[in-house]
file data-v5.txt (compact mmCIF, C-alpha atoms (C1' of nucleotides))
# COMPACT_ATOMS: atom_id res chain seq x y z
CA MET A 1 4.31 2.65 25.71
CA THR A 2 4.34 6.34 24.78
CA SER A 3 7.03 7.68 27.10
CA THR A 4 5.50 10.88 28.37
CA ARG A 5 8.71 12.81 28.99
CA VAL A 6 8.29 16.31 30.33
CA LEU A 7 8.44 18.77 27.46
CA ARG A 8 9.16 22.44 27.42
CA ALA A 9 6.00 24.48 26.92
CA ASP A 10 6.78 25.41 23.32
CA ALA A 11 7.60 21.79 22.53
CA THR A 12 4.23 20.64 23.86
CA ARG A 13 2.52 23.28 21.79
CA ASN A 14 4.37 22.10 18.70
CA VAL A 15 3.55 18.45 19.28
CA ASN A 16 -0.13 19.28 19.59
CA ALA A 17 -0.08 21.45 16.49
CA LEU A 18 1.69 18.68 14.58
CA LEU A 19 -0.83 16.06 15.65
CA ALA A 20 -3.76 18.28 14.71
CA ALA A 21 -2.19 18.99 11.34
CA ALA A 22 -1.38 15.32 10.77
CA THR A 23 -4.93 14.26 11.51
CA GLU A 24 -6.20 16.84 9.05
CA VAL A 25 -3.68 15.98 6.35
CA PHE A 26 -4.17 12.21 6.57
CA ARG A 27 -7.91 12.69 6.57
CA GLU A 28 -7.78 14.80 3.43
CA LEU A 29 -5.02 13.07 1.50
CA GLY A 30 -4.98 9.56 2.95
CA ALA A 31 -2.30 7.77 4.93
CA ASP A 32 0.19 8.13 2.05
CA ALA A 33 0.06 11.92 2.17
CA PRO A 34 3.39 13.75 1.83
CA LEU A 35 4.67 14.45 5.33
CA ASP A 36 5.89 17.89 4.25
CA GLU A 37 2.41 19.25 4.43
CA ILE A 38 2.20 18.54 8.16
CA PRO A 39 4.87 20.89 9.59
CA ARG A 40 3.76 23.42 6.99
CA ARG A 41 0.19 23.46 8.31
CA ALA A 42 1.36 23.27 11.90
CA GLY A 43 3.49 26.35 11.31
CA VAL A 44 6.72 24.74 12.48
CA GLY A 45 10.00 23.80 10.84
CA ARG A 46 10.39 20.52 9.02
CA ALA A 47 12.96 19.16 11.41
CA THR A 48 10.63 19.69 14.36
CA LEU A 49 8.32 17.06 12.92
CA TYR A 50 11.16 14.53 12.75
CA ARG A 51 12.35 15.33 16.25
CA HIS A 52 8.98 14.39 17.73
CA PHE A 53 7.88 11.75 15.23
CA PRO A 54 10.92 10.04 13.72
CA THR A 55 8.84 8.03 11.25
CA ARG A 56 5.48 8.11 9.57
CA GLU A 57 4.46 5.15 11.72
CA HIS A 58 4.96 7.20 14.88
CA LEU A 59 2.38 9.65 13.59
CA TYR A 60 -0.05 6.86 12.76
CA ALA A 61 0.32 5.42 16.24
CA ALA A 62 -0.33 8.76 17.90
CA ILE A 63 -3.35 9.38 15.72
CA LEU A 64 -4.91 5.96 16.33
CA GLN A 65 -4.28 6.05 20.07
CA ALA A 66 -7.76 7.20 21.12
CA GLN A 67 -9.60 4.68 18.96
CA VAL A 68 -7.44 1.86 20.24
CA ASN A 69 -8.13 2.85 23.85
CA THR A 70 -11.85 2.81 23.18
CA LEU A 71 -11.62 -0.63 21.63
CA VAL A 72 -9.67 -1.98 24.57
CA GLU A 73 -12.39 -0.78 26.89
CA ALA A 74 -15.08 -2.22 24.65
CA ALA A 75 -13.38 -5.62 24.74
CA VAL A 76 -12.95 -5.62 28.50
CA ALA A 77 -16.60 -4.65 28.93
CA ARG A 78 -17.68 -7.72 26.96
CA GLU A 79 -15.41 -10.25 28.63
CA ASP A 80 -18.22 -11.84 30.60
CA ALA A 81 -20.98 -11.52 28.03
CA ALA A 82 -23.55 -14.30 28.13
CA ASP A 83 -23.09 -15.09 24.44
CA PRO A 84 -19.39 -15.05 23.49
CA TRP A 85 -20.15 -15.16 19.77
CA GLU A 86 -22.45 -12.18 20.00
CA ALA A 87 -19.80 -10.28 21.96
CA LEU A 88 -17.25 -11.12 19.27
CA LEU A 89 -19.55 -9.94 16.48
CA GLN A 90 -20.21 -6.65 18.17
CA TRP A 91 -16.59 -5.97 18.93
CA ILE A 92 -15.37 -6.78 15.42
CA SER A 93 -18.05 -4.53 13.95
CA ALA A 94 -16.65 -1.67 16.04
CA TYR A 95 -13.06 -2.65 15.24
CA GLU A 96 -13.75 -2.65 11.52
CA GLU A 97 -14.12 1.12 11.66
CA ILE A 98 -10.67 1.82 13.03
CA GLY A 99 -8.69 4.14 10.79
CA ALA A 100 -11.61 4.36 8.37
CA GLU A 101 -11.34 8.12 8.04
CA TYR A 102 -7.81 7.87 6.68
CA ARG A 103 -7.66 6.31 3.23
CA GLY A 104 -5.17 3.45 3.11
CA MET A 105 -4.74 3.36 6.88
CA SER A 106 -6.49 0.08 7.56
CA ALA A 107 -4.33 -1.79 5.05
CA ARG A 108 -1.26 -0.44 6.84
CA LEU A 109 -2.75 -1.39 10.17
CA SER A 110 -3.26 -4.91 8.91
CA SER A 111 0.43 -5.25 8.03
CA ALA A 112 1.55 -3.67 11.29
CA LEU A 113 -0.52 -6.17 13.29
CA LEU A 114 1.45 -9.07 11.88
CA GLU A 115 4.84 -7.47 12.42
CA ASP A 116 6.70 -6.65 15.60
CA GLY A 117 8.39 -3.59 16.94
CA SER A 118 6.73 -0.93 14.82
CA PRO A 119 5.10 1.92 16.76
CA VAL A 120 1.69 0.86 15.49
CA ALA A 121 2.33 -2.73 16.57
CA GLU A 122 3.26 -1.52 20.06
CA LEU A 123 0.22 0.70 20.19
CA CYS A 124 -2.02 -2.24 19.32
CA ALA A 125 -0.51 -4.75 21.74
CA PRO A 126 -3.05 -4.08 24.53
CA MET A 127 -5.89 -4.21 22.02
CA LYS A 128 -4.66 -7.54 20.65
CA ALA A 129 -4.50 -8.91 24.18
CA ALA A 130 -7.98 -7.68 25.09
CA PHE A 131 -9.49 -9.09 21.91
CA ASP A 132 -7.71 -12.37 22.42
CA VAL A 133 -9.69 -12.90 25.62
CA LEU A 134 -13.00 -12.48 23.78
CA PHE A 135 -11.77 -14.67 20.98
CA ARG A 136 -10.64 -17.56 23.16
CA ARG A 137 -13.91 -17.53 25.04
CA ALA A 138 -15.78 -17.97 21.79
CA GLN A 139 -13.40 -20.73 20.74
CA GLU A 140 -13.83 -22.50 24.06
CA ALA A 141 -17.58 -22.28 23.60
CA ALA A 142 -17.00 -24.03 20.25
CA GLN A 143 -18.53 -21.09 18.41
CA VAL A 144 -15.39 -20.20 16.48
CA ARG A 145 -13.04 -22.37 14.42
CA ASP A 146 -9.75 -23.05 16.11
CA ASP A 147 -7.33 -23.23 13.21
CA ILE A 148 -6.83 -19.49 13.34
CA SER A 149 -5.52 -16.98 15.87
CA SER A 150 -7.13 -13.80 17.12
CA VAL A 151 -4.49 -11.57 15.51
CA ASP A 152 -5.12 -13.25 12.18
CA VAL A 153 -8.76 -12.23 12.41
CA LEU A 154 -7.85 -8.61 13.08
CA ALA A 155 -5.40 -8.63 10.20
CA ILE A 156 -7.95 -10.11 7.79
CA VAL A 157 -10.66 -7.63 8.74
CA SER A 158 -8.33 -4.64 8.37
CA ALA A 159 -7.11 -5.95 5.03
CA LEU A 160 -10.60 -6.11 3.52
CA PRO A 161 -11.10 -3.76 0.55
CA ARG A 162 -12.42 -0.39 1.64
CA ASP A 163 -15.20 1.69 0.17
CA LEU A 164 -13.46 4.72 -1.32
CA ASN A 165 -16.01 7.14 0.08
CA THR A 166 -16.77 5.82 3.54
CA GLY A 167 -13.50 3.99 4.19
CA ARG A 168 -15.55 1.11 5.59
CA ALA A 169 -15.48 -2.54 4.61
CA ARG A 170 -18.48 -3.64 2.58
CA PRO A 171 -21.01 -5.36 4.90
CA ALA A 172 -21.16 -8.40 2.63
CA HIS A 173 -17.38 -8.79 2.77
CA LEU A 174 -17.40 -8.66 6.53
CA ALA A 175 -20.27 -11.14 6.57
CA VAL A 176 -18.23 -13.62 4.51
CA VAL A 177 -15.36 -13.45 6.99
CA LEU A 178 -17.60 -13.69 10.05
CA ASP A 179 -19.57 -16.62 8.66
CA GLY A 180 -16.29 -18.30 7.77
CA LEU A 181 -15.12 -17.81 11.32
CA ARG A 182 -18.15 -19.37 12.90
CA GLN A 183 -18.06 -23.04 13.65
CA MET B 1 -6.10 -4.71 -25.02
CA THR B 2 -2.31 -4.39 -25.47
CA SER B 3 -2.12 -2.67 -28.85
CA THR B 4 0.68 -4.53 -30.56
CA ARG B 5 1.93 -1.73 -32.78
CA VAL B 6 4.85 -2.54 -35.00
CA LEU B 7 8.04 -1.39 -33.35
CA ARG B 8 11.43 -0.68 -34.75
CA ALA B 9 13.88 -3.47 -34.00
CA ASP B 10 15.80 -1.50 -31.37
CA ALA B 11 12.54 -0.47 -29.70
CA THR B 12 11.44 -4.10 -29.42
CA ARG B 13 14.77 -4.98 -27.93
CA ASN B 14 14.41 -2.18 -25.38
CA VAL B 15 10.89 -3.17 -24.40
CA ASN B 16 12.01 -6.73 -23.79
CA ALA B 17 15.01 -5.61 -21.77
CA LEU B 18 12.79 -3.30 -19.73
CA LEU B 19 10.29 -6.04 -18.99
CA ALA B 20 13.01 -8.47 -17.98
CA ALA B 21 14.56 -5.84 -15.72
CA ALA B 22 11.19 -4.87 -14.24
CA THR B 23 10.37 -8.48 -13.41
CA GLU B 24 13.72 -8.82 -11.70
CA VAL B 25 13.47 -5.54 -9.82
CA PHE B 26 9.91 -6.08 -8.59
CA ARG B 27 10.81 -9.61 -7.55
CA GLU B 28 13.77 -8.39 -5.54
CA LEU B 29 12.42 -5.15 -4.12
CA GLY B 30 8.67 -5.62 -4.25
CA ALA B 31 6.02 -3.77 -6.24
CA ASP B 32 6.98 -0.47 -4.62
CA ALA B 33 10.52 -0.62 -5.96
CA PRO B 34 11.95 2.64 -7.36
CA LEU B 35 11.37 2.65 -11.10
CA ASP B 36 14.81 4.18 -11.69
CA GLU B 37 16.44 0.87 -11.17
CA ILE B 38 14.63 -0.62 -14.18
CA PRO B 39 16.07 1.40 -17.07
CA ARG B 40 19.40 1.25 -15.27
CA ARG B 41 19.45 -2.55 -15.31
CA ALA B 42 18.01 -2.68 -18.79
CA GLY B 43 20.84 -0.47 -19.97
CA VAL B 44 18.57 2.17 -21.53
CA GLY B 45 17.82 5.81 -20.81
CA ARG B 46 15.25 6.78 -18.22
CA ALA B 47 12.89 8.37 -20.72
CA THR B 48 12.77 5.18 -22.75
CA LEU B 49 11.01 3.49 -19.85
CA TYR B 50 8.35 6.22 -19.77
CA ARG B 51 7.87 6.12 -23.52
CA HIS B 52 6.91 2.45 -23.43
CA PHE B 53 5.33 2.29 -19.98
CA PRO B 54 3.83 5.65 -19.03
CA THR B 55 2.97 4.53 -15.50
CA ARG B 56 3.98 1.94 -12.97
CA GLU B 57 0.62 0.25 -13.54
CA HIS B 58 1.50 -0.36 -17.19
CA LEU B 59 4.51 -2.33 -16.04
CA TYR B 60 2.43 -4.35 -13.60
CA ALA B 61 -0.08 -5.18 -16.31
CA ALA B 62 2.63 -6.34 -18.70
CA ILE B 63 4.24 -8.45 -16.01
CA LEU B 64 1.02 -10.13 -14.89
CA GLN B 65 -0.16 -10.82 -18.44
CA ALA B 66 1.01 -14.44 -18.65
CA GLN B 67 -0.47 -15.43 -15.29
CA VAL B 68 -3.79 -13.85 -16.17
CA ASN B 69 -3.91 -15.72 -19.47
CA THR B 70 -3.30 -18.99 -17.69
CA LEU B 71 -6.09 -18.26 -15.23
CA VAL B 72 -8.52 -17.42 -18.02
CA GLU B 73 -7.81 -20.78 -19.61
CA ALA B 74 -8.14 -22.54 -16.28
CA ALA B 75 -11.57 -20.97 -15.76
CA VAL B 76 -12.80 -21.86 -19.22
CA ALA B 77 -11.61 -25.42 -18.78
CA ARG B 78 -13.76 -25.78 -15.65
CA GLU B 79 -16.92 -24.21 -17.00
CA ASP B 80 -18.72 -27.53 -17.31
CA ALA B 81 -17.30 -29.25 -14.28
CA ALA B 82 -19.65 -31.72 -12.62
CA ASP B 83 -19.28 -30.03 -9.23
CA PRO B 84 -19.37 -26.22 -9.57
CA TRP B 85 -18.21 -25.69 -5.98
CA GLU B 86 -15.21 -27.93 -6.47
CA ALA B 87 -14.35 -26.08 -9.68
CA LEU B 88 -14.59 -22.77 -7.83
CA LEU B 89 -12.32 -23.99 -5.03
CA GLN B 90 -9.68 -25.18 -7.42
CA TRP B 91 -9.69 -22.03 -9.47
CA ILE B 92 -9.48 -19.69 -6.49
CA SER B 93 -6.59 -21.71 -5.09
CA ALA B 94 -4.74 -21.08 -8.32
CA TYR B 95 -5.81 -17.45 -8.44
CA GLU B 96 -4.53 -16.82 -4.93
CA GLU B 97 -0.99 -17.22 -6.22
CA ILE B 98 -1.16 -14.42 -8.76
CA GLY B 99 1.50 -11.81 -8.18
CA ALA B 100 2.80 -13.73 -5.17
CA GLU B 101 6.42 -13.35 -6.23
CA TYR B 102 6.21 -9.56 -6.08
CA ARG B 103 5.81 -8.25 -2.54
CA GLY B 104 2.86 -5.87 -2.27
CA MET B 105 1.53 -6.75 -5.71
CA SER B 106 -1.57 -8.64 -4.64
CA ALA B 107 -2.79 -5.76 -2.49
CA ARG B 108 -2.44 -3.47 -5.50
CA LEU B 109 -4.20 -6.03 -7.65
CA SER B 110 -7.07 -6.09 -5.20
CA SER B 111 -7.54 -2.32 -5.48
CA ALA B 112 -7.23 -2.36 -9.24
CA LEU B 113 -9.96 -4.99 -9.53
CA LEU B 114 -12.48 -2.66 -7.93
CA GLU B 115 -11.54 0.35 -10.03
CA ASP B 116 -11.99 1.02 -13.71
CA GLY B 117 -9.71 2.14 -16.47
CA SER B 118 -6.36 1.31 -14.96
CA PRO B 119 -4.10 -0.88 -17.11
CA VAL B 120 -4.30 -3.65 -14.54
CA ALA B 121 -8.10 -3.42 -14.51
CA GLU B 122 -8.16 -3.74 -18.29
CA LEU B 123 -5.75 -6.64 -18.18
CA CYS B 124 -7.98 -8.44 -15.70
CA ALA B 125 -11.29 -7.87 -17.50
CA PRO B 126 -11.25 -11.20 -19.36
CA MET B 127 -10.26 -13.01 -16.20
CA LYS B 128 -13.09 -11.39 -14.26
CA ALA B 129 -15.52 -12.45 -16.97
CA ALA B 130 -14.26 -16.03 -17.09
CA PHE B 131 -14.40 -16.37 -13.32
CA ASP B 132 -17.86 -14.88 -13.22
CA VAL B 133 -19.14 -17.82 -15.27
CA LEU B 134 -17.78 -20.30 -12.72
CA PHE B 135 -19.10 -18.21 -9.89
CA ARG B 136 -22.64 -17.91 -11.23
CA ARG B 137 -22.83 -21.59 -11.86
CA ALA B 138 -21.99 -22.26 -8.22
CA GLN B 139 -24.54 -19.68 -7.13
CA GLU B 140 -27.20 -21.21 -9.33
CA ALA B 141 -26.41 -24.58 -7.81
CA ALA B 142 -27.07 -22.90 -4.44
CA GLN B 143 -23.55 -23.71 -3.31
CA VAL B 144 -22.46 -20.09 -2.89
CA ARG B 145 -24.13 -17.19 -1.08
CA ASP B 146 -25.69 -14.67 -3.40
CA ASP B 147 -25.21 -11.40 -1.55
CA ILE B 148 -21.78 -10.98 -3.08
CA SER B 149 -20.38 -10.61 -6.57
CA SER B 150 -17.59 -12.53 -8.24
CA VAL B 151 -15.30 -9.49 -8.38
CA ASP B 152 -15.74 -8.96 -4.68
CA VAL B 153 -14.44 -12.45 -4.07
CA LEU B 154 -11.35 -11.82 -6.17
CA ALA B 155 -10.73 -8.54 -4.39
CA ILE B 156 -11.07 -10.13 -0.96
CA VAL B 157 -8.72 -12.98 -1.78
CA SER B 158 -6.07 -10.67 -3.21
CA ALA B 159 -6.37 -8.39 -0.18
CA LEU B 160 -5.63 -11.16 2.32
CA PRO B 161 -2.43 -10.62 4.31
CA ARG B 162 0.56 -12.23 2.65
CA ASP B 163 3.31 -14.32 4.11
CA LEU B 164 6.44 -12.17 3.86
CA ASN B 165 8.57 -15.05 2.63
CA THR B 166 6.33 -16.93 0.25
CA GLY B 167 4.00 -14.08 -0.76
CA ARG B 168 1.10 -16.50 -0.38
CA ALA B 169 -2.05 -16.11 1.69
CA ARG B 170 -2.11 -18.25 4.82
CA PRO B 171 -4.16 -21.40 4.13
CA ALA B 172 -6.30 -20.81 7.23
CA HIS B 173 -7.14 -17.30 6.04
CA LEU B 174 -8.20 -18.59 2.67
CA ALA B 175 -10.23 -21.32 4.38
CA VAL B 176 -12.14 -18.70 6.39
CA VAL B 177 -13.10 -16.83 3.23
CA LEU B 178 -14.04 -19.96 1.30
CA ASP B 179 -16.13 -21.37 4.15
CA GLY B 180 -17.82 -18.01 4.48
CA LEU B 181 -18.61 -18.09 0.79
CA ARG B 182 -20.22 -21.47 0.86
CA GLN B 183 -23.91 -21.68 1.41
C1' DA C 1 16.56 21.81 25.46
C1' DC C 2 14.44 22.87 21.52
C1' DC C 3 13.84 25.41 17.28
C1' DT C 4 14.83 26.68 12.38
C1' DG C 5 15.99 27.13 7.35
C1' DA C 6 19.18 25.50 4.36
C1' DA C 7 21.38 21.64 2.25
C1' DC C 8 21.33 17.05 0.54
C1' DA C 9 19.66 12.78 -1.50
C1' DC C 10 16.33 10.27 -3.95
C1' DC C 11 13.35 9.52 -7.55
C1' DG C 12 9.48 10.38 -10.87
C1' DT C 13 8.71 13.02 -15.11
C1' DT C 14 9.68 16.03 -19.04
C1' DC C 15 12.27 18.02 -22.76
C1' DA C 16 15.78 19.57 -26.08
C1' DA C 17 18.98 17.65 -28.87
C1' DG C 18 20.59 13.81 -31.27
C1' DT C 19 20.53 9.64 -34.80
C1' DA D 1 10.55 6.93 -35.22
C1' DC D 2 13.06 6.30 -31.40
C1' DC D 3 16.84 7.22 -28.32
C1' DT D 4 19.45 9.84 -24.71
C1' DG D 5 21.29 12.67 -20.79
C1' DA D 6 20.31 16.69 -18.62
C1' DA D 7 17.09 19.46 -16.14
C1' DC D 8 13.30 19.98 -13.07
C1' DA D 9 10.11 19.09 -9.27
C1' DC D 10 8.94 16.75 -5.19
C1' DC D 11 9.75 15.18 -0.81
C1' DG D 12 12.06 12.66 3.05
C1' DT D 13 16.00 13.37 6.14
C1' DT D 14 19.98 15.62 8.30
C1' DC D 15 22.74 19.32 10.07
C1' DA D 16 24.83 23.75 11.37
C1' DA D 17 23.55 27.70 13.51
C1' DG D 18 20.53 30.02 16.47
C1' DT D 19 17.76 31.11 21.06

call {"tool": "encode", "arguments": {"input": "data-v5.txt", "output": "structure tokens"}}
result
Amino acid sequence: MTSTRVLRADATRNVNALLAAATEVFRELGADAPLDEIPRRAGVGRATLYRHFPTREHLYAAILQAQVNTLVEAAVAREDAADPWEALLQWISAYEEIGAEYRGMSARLSSALLEDGSPVAELCAPMKAAFDVLFRRAQEAAQVRDDISSVDVLAIVSALPRDLNTGRARPAHLAVVLDGLRQ
Amino acid sequence: MTSTRVLRADATRNVNALLAAATEVFRELGADAPLDEIPRRAGVGRATLYRHFPTREHLYAAILQAQVNTLVEAAVAREDAADPWEALLQWISAYEEIGAEYRGMSARLSSALLEDGSPVAELCAPMKAAFDVLFRRAQEAAQVRDDISSVDVLAIVSALPRDLNTGRARPAHLAVVLDGLRQ
DNA sequence: ACCTGAACACCGTTCAAGT
DNA sequence: ACCTGAACACCGTTCAAGT
């Protein structure tokens, strides 16, 4: 729940500049990039970053927002698919790409998914819920093993080793997990 | 290849104290612990740490040494097992525990396995080779899919999300990967 | 209400001086 | 040959002073 308080015009401008800079910095230097660089590139004072984004995680959440929204929609669109397994496959293939352009991001996402209360966890809550619907349908159709939860699947996929250049999981790795999921 | 140069008596004493302290510190604070704490607990100067262990990775390698040796032996012992798949299962179950007592270590191990030249990568080379023998035997027996390499399997297993208390992979997660591996 | 630069704390790394 | 404490650099976080 990103509380959209009303901000003074200059504050809004700063927030936008900070987000643009953060996206750029994380893309270039990875999710572990020094935060310093962000207010520097945004042309604002250090403390302004901390006022708007108290922690690194708050920046991650803001940056991943759009992708998460898209994935929620993609899940909802597939809720009534004729073949639940096929719907699951397609959705996970799209999900696998989340955070791929920021080195180290998907590993952090994986951890956040299994925790509670972090900004990234809160951001992902609707996505978890939407995916869970797809997942249960496939389980009920006896296409997916039932000794594992939907969140676990997301966490495993995001934890897969990433190609250093593309940031994507290796297709064979994903195939192992998906085959292991199928019943 | 840990070059076992001859050290002056006080140097040997310091190295041992540093390793004992590092084990303790990483166990308590995880693999990301501040290095500072190590020379402090070992009762030596800061620079003495850096003389003997130029990077954090050198400490990791030294600390994981014993476990890696054990795993090499375990692999060799199973090379002629009657059932290659069973041998593989048993070995991976043992492997999964490596670094479990140091929070965040197995994720780092996973990355190191796919790189070259890092101290941890060098440490693991013999283990990779020993496991590869087991792995190929299972592939040749058509028990394991052949679109994936043995190192990939190690990297995937070490990348699996870890239980925050035990440091172990969840059994169901491991089961997904192993079932996905089987042909 | 929001901004800023300066100050502070933390920690990795190096170096000059010692034995 | 090896040790040490001091110095330096980097970076996250806070705060007093400004508009």

call {"tool": "interface_residues", "arguments": {"input": "data-v5.txt", "of": "chain A", "to": "chain D", "cutoff": "9 Å", "atoms": "all atoms listed in the file", "output": "ChimeraX atom specification"}}
result
/A:34-36,47,50

call {"tool": "interface_residues", "arguments": {"input": "data-v5.txt", "of": "chain A", "to": "chain B", "cutoff": "10 Å", "atoms": "all atoms listed in the file", "output": "ChimeraX atom specification"}}
result
/A:107,110-111,114-115,145-149,152-153,155-164,170-183

call {"tool": "axis_aligned_box", "arguments": {"input": "data-v5.txt", "around": "stretch 180-183 of chain A", "padding_each_side": "4 Å", "output": "AutoDock Vina command-line options"}}
result
--center_x -16.6 --center_y -20.4 --center_z 10.7 --size_x 11.0 --size_y 13.2 --size_z 13.9

call {"tool": "residues_around", "arguments": {"input": "data-v5.txt", "residues": "A:Leu29", "least_positions_apart": "4", "cutoff": "9 Å", "atoms": "only C-alpha atoms (C1' of nucleotides)", "output": "list in words"}}
result
Glu24, Val25, Ala33, Pro34, Tyr102 and Arg103 of chain A

call {"tool": "atom_distance", "arguments": {"input": "data-v5.txt", "atom1": "atom CA of A:Pro119", "atom2": "atom CA of A:Glu101"}}
result
19.6 Å

call {"tool": "atom_distance", "arguments": {"input": "data-v5.txt", "atom1": "atom CA of A:Glu79", "atom2": "atom CA of A:Leu64"}}
result
22.9 Å

call {"tool": "atom_distance", "arguments": {"input": "data-v5.txt", "atom1": "atom CA of A:Gly104", "atom2": "atom CA of A:Gly30"}}
result
6.1 Å

call {"tool": "residues_around", "arguments": {"input": "data-v5.txt", "residues": "B:Ser118", "least_positions_apart": "4", "cutoff": "12 Å", "atoms": "all atoms listed in the file", "output": "PyMOL selection string"}}
result
chain B and resi 1+54-61+108-109+111-114+122-125

call {"tool": "residues_near_point", "arguments": {"input": "data-v5.txt", "point": "(-11.5, 0.5, 16.8)", "cutoff": "8 Å", "atoms": "all atoms listed in the file", "output": "list in words"}}
result
Gln67, Val68, Thr70, Leu71, Ala94, Tyr95, Glu96, Glu97, Ile98 and Gly99 of chain A

call {"tool": "decode", "arguments": {"input": "data-v5.txt", "residues": "stretch 105-111 of chain B", "atoms": "all heavy atoms", "output": "short mmCIF file (atom, residue, chain, number, x, y, z; two decimals), in the first residue's frame"}}
result
data_model
loop_
_atom_site.label_atom_id
_atom_site.label_comp_id
_atom_site.auth_asym_id
_atom_site.auth_seq_id
_atom_site.Cartn_x
_atom_site.Cartn_y
_atom_site.Cartn_z
N MET B 105 25.79 -18.04 3.44
CA MET B 105 26.97 -18.65 2.83
C MET B 105 26.61 -19.46 1.59
O MET B 105 27.33 -19.43 0.59
CB MET B 105 27.68 -19.54 3.84
CG MET B 105 28.98 -20.15 3.35
SD MET B 105 30.28 -18.92 3.11
CE MET B 105 30.99 -18.83 4.77
N SER B 106 25.52 -20.21 1.63
CA SER B 106 25.25 -21.10 0.51
C SER B 106 24.91 -20.32 -0.75
O SER B 106 25.28 -20.73 -1.85
CB SER B 106 24.17 -22.13 0.85
OG SER B 106 22.95 -21.50 1.05
N ALA B 107 24.28 -19.16 -0.61
CA ALA B 107 24.02 -18.33 -1.78
C ALA B 107 25.34 -17.86 -2.40
O ALA B 107 25.52 -17.86 -3.62
CB ALA B 107 23.16 -17.13 -1.40
N ARG B 108 26.29 -17.51 -1.54
CA ARG B 108 27.59 -17.07 -2.04
C ARG B 108 28.33 -18.24 -2.70
O ARG B 108 29.01 -18.08 -3.70
CB ARG B 108 28.44 -16.51 -0.90
CG ARG B 108 28.03 -15.10 -0.50
CD ARG B 108 28.85 -14.68 0.71
NE ARG B 108 28.58 -13.34 1.17
CZ ARG B 108 29.22 -12.25 0.75
NH1 ARG B 108 30.18 -12.36 -0.16
NH2 ARG B 108 28.93 -11.06 1.23
N LEU B 109 28.18 -19.41 -2.09
CA LEU B 109 28.80 -20.60 -2.66
C LEU B 109 28.25 -20.86 -4.05
O LEU B 109 28.99 -21.16 -4.99
CB LEU B 109 28.51 -21.79 -1.74
CG LEU B 109 29.08 -23.14 -2.16
CD1 LEU B 109 30.59 -23.09 -2.21
CD2 LEU B 109 28.64 -24.24 -1.19
N SER B 110 26.94 -20.71 -4.18
CA SER B 110 26.32 -20.94 -5.48
C SER B 110 26.93 -20.04 -6.56
O SER B 110 27.28 -20.50 -7.65
CB SER B 110 24.81 -20.68 -5.38
OG SER B 110 24.22 -20.73 -6.65
N SER B 111 27.08 -18.77 -6.25
CA SER B 111 27.70 -17.84 -7.21
C SER B 111 29.13 -18.24 -7.52
O SER B 111 29.55 -18.26 -8.68
CB SER B 111 27.69 -16.42 -6.67
OG SER B 111 26.39 -16.03 -6.32
#
